[in-house]
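Quick look at input_33.csv (CSV, C-alpha atoms):
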chain,number,residue,atom,x,y,z
A,637,MET,CA,-38.6,-14.0,-27.1
A,638,GLU,CA,-35.4,-12.7,-25.8
A,639,TYR,CA,-35.1,-9.2,-24.4
A,640,VAL,CA,-32.2,-7.0,-25.3
A,641,GLU,CA,-32.1,-5.2,-22.0
A,642,VAL,CA,-34.1,-5.7,-18.8
A,643,HIS,CA,-34.1,-3.9,-15.5
A,644,ILE,CA,-34.3,-6.6,-12.8
A,645,LEU,CA,-35.8,-4.2,-10.2
A,646,GLU,CA,-39.0,-3.7,-12.3
A,647,PHE,CA,-39.6,-7.5,-12.4
A,648,ALA,CA,-38.9,-7.9,-8.7
A,649,VAL,CA,-41.4,-5.1,-7.8
A,650,LYS,CA,-44.1,-6.7,-10.0
A,651,GLY,CA,-43.3,-10.2,-8.6
A,652,GLU,CA,-42.5,-11.5,-12.1
A,653,GLU,CA,-39.7,-13.7,-13.2
A,654,VAL,CA,-36.9,-11.9,-15.0
A,655,PRO,CA,-36.8,-13.0,-18.7
A,656,ILE,CA,-33.7,-14.0,-20.5
A,657,ALA,CA,-31.9,-11.0,-21.9
A,658,ALA,CA,-28.6,-9.9,-23.4
A,659,VAL,CA,-28.1,-7.2,-20.7
A,660,TYR,CA,-29.4,-7.0,-17.2
A,661,HIS,CA,-29.6,-3.6,-15.5
A,662,VAL,CA,-28.8,-4.0,-11.9
A,663,ARG,CA,-28.8,-1.4,-9.1
A,664,ILE,CA,-25.8,-1.5,-6.8
A,665,ASP,CA,-25.8,1.1,-4.0
A,666,GLY,CA,-28.5,2.9,-5.8
A,667,ARG,CA,-26.7,3.2,-9.1
A,668,ASP,CA,-27.6,1.4,-12.3
A,669,PHE,CA,-25.1,-0.9,-14.0
A,670,PRO,CA,-25.6,-2.9,-17.2
A,671,ILE,CA,-24.3,-6.5,-16.7
A,672,ASN,CA,-23.9,-8.7,-19.8
A,673,THR,CA,-24.0,-12.0,-18.1
A,674,VAL,CA,-26.8,-13.7,-16.2
A,675,ASP,CA,-24.6,-15.1,-13.4
A,676,PRO,CA,-21.8,-12.6,-12.4
A,677,THR,CA,-19.7,-13.3,-9.4
A,678,GLY,CA,-19.9,-11.2,-6.2
A,679,ALA,CA,-16.4,-9.8,-6.9
A,680,MET,CA,-17.5,-8.7,-10.5
A,681,LEU,CA,-20.4,-6.8,-9.0
A,682,LEU,CA,-18.3,-5.2,-6.3
A,683,GLU,CA,-15.9,-4.0,-8.9
A,684,LYS,CA,-18.6,-2.1,-10.7
A,685,VAL,CA,-18.7,0.3,-7.7
A,686,GLY,CA,-14.9,0.4,-7.4
A,687,ARG,CA,-14.8,-1.8,-4.3
A,688,ARG,CA,-12.8,-4.9,-3.5
A,689,PRO,CA,-13.7,-8.0,-1.5
A,690,CYS,CA,-10.8,-7.4,0.8
A,691,ALA,CA,-12.6,-4.4,2.3
A,692,PHE,CA,-16.3,-4.6,1.3
A,693,GLU,CA,-19.0,-7.2,1.2
A,694,LEU,CA,-21.8,-7.4,-1.3
A,695,ILE,CA,-25.4,-8.0,-0.1
A,696,GLU,CA,-28.2,-9.0,-2.4
A,697,GLU,CA,-31.5,-7.3,-1.7
A,698,LEU,CA,-34.6,-9.3,-2.2
A,699,VAL,CA,-38.3,-8.3,-1.8
A,700,HIS,CA,-39.7,-8.5,1.7
A,701,ASN,CA,-36.3,-7.1,3.0
A,702,ASP,CA,-34.7,-10.5,2.7
A,703,ASN,CA,-31.0,-9.8,2.4
A,704,HIS,CA,-28.2,-12.2,1.8
A,705,VAL,CA,-24.4,-11.8,1.7
A,706,ILE,CA,-22.8,-12.9,-1.5
A,707,GLU,CA,-19.3,-14.3,-1.3
A,708,PRO,CA,-16.7,-12.9,-3.8
A,709,GLU,CA,-16.5,-16.1,-5.8
A,710,GLU,CA,-20.2,-16.9,-5.5
A,711,ARG,CA,-22.3,-16.6,-8.7
A,712,VAL,CA,-25.5,-14.8,-8.5
A,713,ASN,CA,-28.5,-15.6,-10.8
A,714,LEU,CA,-29.8,-12.3,-11.9
A,715,ARG,CA,-33.0,-13.9,-13.1
A,716,LYS,CA,-33.8,-15.0,-9.5
A,717,LYS,CA,-37.4,-14.0,-8.7
A,718,GLY,CA,-37.6,-11.2,-6.2
A,719,LEU,CA,-34.0,-9.9,-6.6
A,720,LYS,CA,-34.1,-6.1,-6.4
A,721,GLY,CA,-30.4,-5.3,-6.5
A,722,PHE,CA,-27.4,-5.0,-4.3
A,723,ILE,CA,-25.8,-2.9,-1.6
A,724,THR,CA,-22.2,-2.9,-0.3
A,725,ALA,CA,-21.0,-2.6,3.3
A,726,GLU,CA,-17.7,-2.2,4.9
A,727,LYS,CA,-16.4,-5.5,6.4
A,728,GLU,CA,-15.4,-5.6,10.0
A,729,LEU,CA,-12.9,-8.4,9.4
A,730,VAL,CA,-11.0,-7.2,6.4
A,731,THR,CA,-8.1,-8.8,4.4
A,732,ILE,CA,-4.6,-7.3,4.3
A,733,PHE,CA,-1.7,-8.6,2.2
A,734,ILE,CA,1.6,-9.4,3.8
A,735,ASN,CA,4.5,-10.5,1.6
A,736,GLY,CA,1.9,-11.6,-0.9
A,737,PRO,CA,-0.8,-13.8,0.9
A,738,GLY,CA,-3.9,-12.3,2.4
A,739,TYR,CA,-4.6,-12.3,6.2
A,740,LYS,CA,-7.8,-11.5,8.0
A,741,ILE,CA,-7.7,-8.7,10.6
A,742,GLU,CA,-10.1,-6.3,12.3
A,743,ARG,CA,-10.7,-3.0,10.6
A,744,GLY,CA,-9.4,0.0,12.6
A,745,GLU,CA,-6.2,1.1,14.2
A,746,ARG,CA,-3.9,-1.9,14.6
A,747,THR,CA,-0.3,-2.0,16.0
A,748,VAL,CA,2.7,-2.9,13.9
A,749,ALA,CA,3.2,-5.9,16.3
A,750,GLU,CA,-0.4,-7.2,15.5
A,751,ILE,CA,0.3,-7.1,11.8
A,752,LEU,CA,3.7,-8.7,12.1
A,753,ASP,CA,2.2,-11.4,14.3
A,754,LYS,CA,0.1,-12.6,11.3
A,755,VAL,CA,3.3,-13.8,9.7
A,756,LYS,CA,4.8,-15.0,13.0
A,757,GLU,CA,7.3,-12.1,13.1
A,758,THR,CA,8.0,-9.6,15.8
A,759,THR,CA,9.1,-6.0,16.0
A,760,GLU,CA,12.4,-7.1,17.6
A,761,GLY,CA,13.5,-8.9,14.5
A,762,TYR,CA,11.6,-7.4,11.6
A,763,VAL,CA,10.6,-4.1,10.0
A,764,LEU,CA,7.1,-3.7,8.6
A,765,LEU,CA,6.8,-1.7,5.4
A,766,GLU,CA,3.6,-0.5,3.7
A,767,GLU,CA,2.9,0.2,0.1
A,768,LYS,CA,0.7,3.2,0.1
A,769,GLN,CA,0.6,5.6,-2.9
A,770,GLY,CA,4.0,4.4,-3.8
A,771,PRO,CA,6.7,1.8,-3.0
A,772,PRO,CA,7.1,0.2,0.5
A,773,ILE,CA,8.0,2.6,3.2
A,774,PRO,CA,9.0,1.4,6.7
A,775,LEU,CA,6.5,2.0,9.5
A,776,PRO,CA,7.5,3.0,13.1
A,777,PRO,CA,6.5,0.3,15.5
A,778,ASP,CA,5.1,2.8,18.1
A,779,ARG,CA,2.5,4.3,15.9
A,780,PRO,CA,-0.9,2.8,15.0
A,781,VAL,CA,-1.6,1.6,11.5
A,782,LYS,CA,-4.9,2.5,10.0
A,783,VAL,CA,-6.4,-0.7,8.4
A,784,GLU,CA,-9.4,-0.4,6.2
A,785,GLY,CA,-8.8,-3.5,4.1
A,786,CYS,CA,-6.7,-4.4,1.1
A,787,GLU,CA,-3.5,-2.7,2.5
A,788,VAL,CA,-0.3,-4.2,1.2
A,789,PHE,CA,2.6,-4.8,3.6
A,790,HIS,CA,6.0,-6.3,3.4
A,791,THR,CA,8.4,-7.4,6.1
A,792,GLN,CA,12.1,-7.5,6.1
A,793,PRO,CA,14.7,-8.5,8.7
A,794,GLN,CA,16.3,-5.7,10.6
A,795,SER,CA,19.7,-5.0,9.1
A,796,GLY,CA,21.1,-1.8,10.4
A,797,GLY,CA,21.5,0.4,13.4
A,798,SER,CA,22.7,3.6,14.8
A,799,SER,CA,26.4,3.6,15.0
B,815,MET,CA,30.1,2.6,-10.7
B,816,ASN,CA,27.2,2.0,-13.0
B,817,PHE,CA,23.9,0.7,-11.7
B,818,PRO,CA,21.4,-1.4,-13.6
B,819,GLU,CA,18.6,0.6,-15.2
B,820,GLU,CA,15.9,-1.4,-13.3
B,821,GLN,CA,17.5,-0.4,-10.0
B,822,ILE,CA,17.4,3.2,-11.0
B,823,GLU,CA,13.7,2.9,-12.1
B,824,GLU,CA,12.9,1.3,-8.8
B,825,LEU,CA,14.5,4.2,-7.0
B,826,LYS,CA,12.4,6.7,-9.0
B,827,ALA,CA,9.2,5.5,-7.4
B,828,TYR,CA,10.3,6.8,-4.0
B,829,CYS,CA,10.5,10.5,-5.0
B,830,ALA,CA,9.0,13.1,-7.2
B,831,LYS,CA,12.2,13.4,-9.3
B,832,LEU,CA,15.4,11.5,-9.5
B,833,SER,CA,18.7,12.7,-11.0
B,834,ALA,CA,22.2,11.4,-11.0
B,835,LEU,CA,24.8,14.0,-9.8
B,836,ARG,CA,28.5,13.6,-10.3
B,837,GLU,CA,31.2,14.8,-7.9
B,838,ALA,CA,34.9,13.7,-7.7
B,839,ASN,CA,34.1,11.2,-10.4
B,840,ARG,CA,31.5,9.5,-8.2
B,841,ILE,CA,27.7,9.2,-8.8
B,842,TYR,CA,25.2,10.4,-6.2
B,843,PHE,CA,21.4,10.1,-6.6
B,844,PHE,CA,19.5,13.3,-5.9
B,845,LEU,CA,15.9,12.4,-4.8
B,846,GLU,CA,13.6,15.4,-4.9
B,847,GLY,CA,10.6,15.1,-2.7
B,848,LEU,CA,11.6,11.8,-1.1
B,849,ARG,CA,8.6,10.4,0.9
B,850,LEU,CA,9.6,9.8,4.5
B,851,PRO,CA,8.1,7.3,6.9
B,852,PRO,CA,4.9,8.1,8.9
B,853,GLY,CA,5.6,10.3,11.9
B,854,CYS,CA,8.4,12.2,10.2
B,855,GLU,CA,8.2,16.0,10.0
B,856,PRO,CA,8.3,17.1,7.2
B,857,GLY,CA,6.7,14.2,5.5
B,858,ALA,CA,8.9,14.6,2.4
B,859,CYS,CA,12.2,16.4,1.6
B,860,ASP,CA,15.0,16.4,-0.9
B,861,ALA,CA,17.7,13.8,-0.3
B,862,LEU,CA,21.0,12.6,-1.7
B,863,LEU,CA,21.9,9.0,-1.7
B,864,ARG,CA,25.6,8.1,-1.7
B,865,PRO,CA,25.6,4.5,-2.8
B,866,PHE,CA,29.3,3.8,-2.1
B,867,PRO,CA,31.5,3.8,1.0
B,868,GLY,CA,32.9,7.1,2.1
B,869,GLY,CA,35.7,8.2,4.4
B,870,ASP,CA,33.1,8.3,7.2
B,871,GLY,CA,33.1,4.5,7.6
B,872,TYR,CA,29.6,4.0,6.4
B,873,PRO,CA,29.0,1.7,3.4
B,874,SER,CA,26.4,4.2,2.1
B,875,GLN,CA,24.8,7.4,3.3
B,876,LEU,CA,21.5,9.2,2.9
B,877,TYR,CA,21.8,12.9,3.2
B,878,PHE,CA,18.7,15.1,3.8
B,879,SER,CA,18.2,18.8,2.9
B,880,THR,CA,17.1,19.4,6.4
B,881,GLN,CA,17.1,17.7,9.8
B,882,ILE,CA,14.0,15.6,10.2
B,883,LYS,CA,11.9,15.2,13.3
B,884,SER,CA,11.2,11.5,13.6
B,885,PRO,CA,9.5,9.1,16.0
B,886,PHE,CA,12.8,8.2,17.5
B,887,THR,CA,15.6,10.7,18.2
B,888,ARG,CA,18.6,10.2,15.9
B,889,ASN,CA,22.2,11.3,16.2
B,890,TRP,CA,22.5,13.9,13.4
B,891,ASN,CA,26.3,13.8,13.1
B,892,VAL,CA,26.5,15.4,9.7
B,893,SER,CA,25.4,19.0,9.4
B,894,ASN,CA,25.7,21.3,6.5
B,895,VAL,CA,28.2,19.1,4.6
B,896,ARG,CA,28.6,20.4,1.0
B,897,ILE,CA,28.1,17.8,-1.7
B,898,CYS,CA,27.2,18.5,-5.3
B,899,GLU,CA,26.8,22.2,-4.6
B,900,LYS,CA,24.2,21.7,-1.9
B,901,ASN,CA,24.2,21.6,1.9
B,902,TRP,CA,23.2,18.3,3.6
B,903,PHE,CA,22.4,16.7,6.9
B,904,ALA,CA,22.6,13.1,7.9
B,905,PHE,CA,22.2,10.9,11.0
B,906,SER,CA,24.4,8.1,12.1
B,907,TRP,CA,23.0,4.9,10.6
B,908,LYS,CA,24.9,1.9,9.3
B,909,HIS,CA,23.4,-0.8,7.2
B,910,THR,CA,24.7,-4.4,7.3
B,911,LEU,CA,23.3,-5.5,3.9
B,912,SER,CA,25.7,-7.2,1.5
B,913,SER,CA,25.4,-5.9,-2.1
B,914,PRO,CA,22.1,-4.2,-1.6
B,915,LYS,CA,20.1,-2.8,-4.5
B,916,LEU,CA,19.7,1.0,-4.6
B,917,ALA,CA,16.1,0.8,-3.3
B,918,GLU,CA,17.1,-1.6,-0.5
B,919,MET,CA,19.9,0.8,0.5
B,920,LEU,CA,17.4,3.7,0.5
B,921,VAL,CA,14.8,1.9,2.5
B,922,ASN,CA,17.3,0.7,5.0
B,923,HIS,CA,18.3,4.3,5.7
B,924,LEU,CA,14.7,5.3,6.0
B,925,THR,CA,14.2,2.5,8.5
B,926,GLY,CA,16.6,4.5,10.7
B,927,PHE,CA,13.7,6.9,11.4
B,928,THR,CA,11.5,4.0,12.7
B,929,ARG,CA,13.8,2.1,15.0
B,930,PRO,CA,14.5,2.8,18.6
B,931,LYS,CA,18.2,2.0,18.2
Serialized structure, structure tokens:
Amino acid sequence: MEYVEVHILEFAVKGEEVPIAAVYHVRIDGRDFPINTVDPTGAMLLEKVGRRPCAFELIEELVHNDNHVIEPEERVNLRKKGLKGFITAEKELVTIFINGPGYKIERGERTVAEILDKVKETTEGYVLLEEKQGPPIPLPPDRPVKVEGCEVFHTQPQSGGSS
Amino acid sequence: MNFPEEQIEELKAYCAKLSALREANRIYFFLEGLRLPPGCEPGACDALLRPFPGGDGYPSQLYFSTQIKSPFTRNWNVSNVRICEKNWFAFSWKHTLSSPKLAEMLVNHLTGFTRPK
């Protein structure tokens, strides 16, 4: 017998194995989401709550308070016995994007020099620009940059001056 | 001088409204609500991009509707100049880009607010 929809929390509480179903109802941060695959990736589940792996991590909650971090590309078996659901948490070491590739950096207020250093550039030779609610805008090197994860930066050589 | 449509589209993203204004048979770009770099006061204002060399020796110029307070003091050497029936202010900033696109030109002028020199 195949169920149409199951709520995995109900089976975890009863200590029963989750049956095969077309749709698995999963709680993420206390909200219910229907998932139509038995093995979604961590990134897919994070996306359900509007979060991205560059700033947040996904944690699976098992019975007996046994928690485990799920990597973005890791597949989770929603039929796993004891799986209650998921919570998300802010990462301390987030990912920012500079000229395309991602780089790890601590969440919080960072200097322009620290960010440029990720791509081996300095404030003497380069300008840091941030895409934030619009196209890239240059950032002054003497002001802290708030980093929460997923920020998009660009660099460009200095090419002008006060005349 | 005509600019490619994609360059004009790119420029639009920096402001609330973009229009082309003509004076003395030259095209200027009027950027309403141009977003300024962090630390500038106000954070946005109207601006006029002159994308061609003028008699002032600058290869291009970005004029502002008001003088901007910025993280680094600038030499505001243009005050209340009248262009396209509006008064404008500008600071001394010369880019060294060869054949920049419109957005590159704009960003280079904005960079002037964020550099010590």
Tell me the residues of chain A close to chain B, meaning within 10 Å using all atoms listed in the file, as an mmCIF file with C-alpha atoms, keeping the file's coordinate frame.
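See part-v4.cif below for the written result:
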data_model
loop_
_atom_site.group_PDB
_atom_site.id
_atom_site.type_symbol
_atom_site.label_atom_id
_atom_site.label_comp_id
_atom_site.auth_asym_id
_atom_site.auth_seq_id
_atom_site.Cartn_x
_atom_site.Cartn_y
_atom_site.Cartn_z
ATOM 1 C CA THR A 759 9.100 -6.000 16.000
ATOM 2 C CA GLU A 760 12.400 -7.100 17.600
ATOM 3 C CA VAL A 763 10.600 -4.100 10.000
ATOM 4 C CA LEU A 764 7.100 -3.700 8.600
ATOM 5 C CA LEU A 765 6.800 -1.700 5.400
ATOM 6 C CA GLU A 766 3.600 -0.500 3.700
ATOM 7 C CA GLN A 769 0.600 5.600 -2.900
ATOM 8 C CA GLY A 770 4.000 4.400 -3.800
ATOM 9 C CA PRO A 771 6.700 1.800 -3.000
ATOM 10 C CA PRO A 772 7.100 0.200 0.500
ATOM 11 C CA ILE A 773 8.000 2.600 3.200
ATOM 12 C CA PRO A 774 9.000 1.400 6.700
ATOM 13 C CA LEU A 775 6.500 2.000 9.500
ATOM 14 C CA PRO A 776 7.500 3.000 13.100
ATOM 15 C CA PRO A 777 6.500 0.300 15.500
ATOM 16 C CA ASP A 778 5.100 2.800 18.100
ATOM 17 C CA ARG A 779 2.500 4.300 15.900
ATOM 18 C CA PRO A 780 -0.900 2.800 15.000
ATOM 19 C CA VAL A 781 -1.600 1.600 11.500
ATOM 20 C CA GLN A 792 12.100 -7.500 6.100
ATOM 21 C CA GLN A 794 16.300 -5.700 10.600
ATOM 22 C CA SER A 795 19.700 -5.000 9.100
ATOM 23 C CA GLY A 796 21.100 -1.800 10.400
ATOM 24 C CA GLY A 797 21.500 0.400 13.400
ATOM 25 C CA SER A 798 22.700 3.600 14.800
ATOM 26 C CA SER A 799 26.400 3.600 15.000
#
**Report entry** Surrounding residues of B:Tyr842 excluding itself and chain neighbours under 3 positions, 6 Å, only C-alpha atoms, as a PyMOL selection string
**Finding:** chain B and resi 834-835+863-864
Query - Who sits within 7 Å of stretch 898-904 of chain B, only C-alpha atoms, same chain under 2 positions skipped, as a PyMOL selection string - result: chain B and resi 835+837+876-881+890-896+906
Query raised in the report: Between A:Gly678, A:Gly651, A:Gly686, A:Pro793, which is the closest to A:Glu757 once you count all atoms listed in the file?
Result: A:Pro793
Would you mind listing what lies within 7 Å of A:Ala691 as a JSON list (two decimals) with C-alpha atoms, in the frame of the given file, with only C-alpha atoms counted and same-chain residues fewer than 4 positions away left out?
[["chain", "number", "residue", "atom", "x", "y", "z"],
["A", 726, "GLU", "CA", -17.70, -2.20, 4.90],
["A", 727, "LYS", "CA", -16.40, -5.50, 6.40],
["A", 730, "VAL", "CA", -11.00, -7.20, 6.40],
["A", 731, "THR", "CA", -8.10, -8.80, 4.40],
["A", 784, "GLU", "CA", -9.40, -0.40, 6.20],
["A", 785, "GLY", "CA", -8.80, -3.50, 4.10],
["A", 786, "CYS", "CA", -6.70, -4.40, 1.10]]
Query raised in the report: So, counting only C-alpha atoms, which residue among B:Ser913, B:Gly857, B:Thr887, B:Ile897 is closest to B:Phe844?
Result: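 Using only C-alpha atoms, the shortest distance to B:Phe844 belongs to B:Ile897.
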**Report entry** Computed interatomic separation between atom CA of B:Ser874 and atom CA of B:Glu918 (Å)
**Finding:**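 Rounded to one decimal, the two atoms are 11.3 Å apart.
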Report task. Could you please give me, as a list in words, the residues of protein, DNA or RNA lying at most 8 Å from (-20.7, 0.4, -9.9) in the coordinate frame of the file, considering only C-alpha atoms? Result ->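 I get Ile664, Asp665, Arg667, Asp668, Phe669, Leu681, Leu682, Glu683, Lys684, Val685 and Gly686 of chain A for the residues within 8 Å of that point.
Residues in contact range of stretch 719-725 of chain A, defined as at most 6 Å between all atoms listed in the file, with sequence neighbours fewer than 4 positions away removed, read A:Leu645, A:Ala648, A:Val662, A:Arg663, A:Ile664, A:Asp665, A:Phe692, A:Glu693, A:Leu694, A:Ile695, A:Glu696, A:Glu697, A:Leu698.
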Requested in this report: Tell me, as a PyMOL selection string, which residues lie within 8 Å of stretch 638-642 of chain A, counting all atoms listed in the file; anything in the same chain fewer than 5 positions away does not count.
Outcome: chain A and resi 654-661
Requested in this report: Mind giving me the straight-line distance from atom CA of B:Ala861 to atom CA of B:Phe817 in Å, one decimal?
Outcome: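 Distance reported for this atom pair: 18.4 Å.
Going from atom CA of A:Ile732 to atom CA of A:Phe789 covers 7.7 Å.
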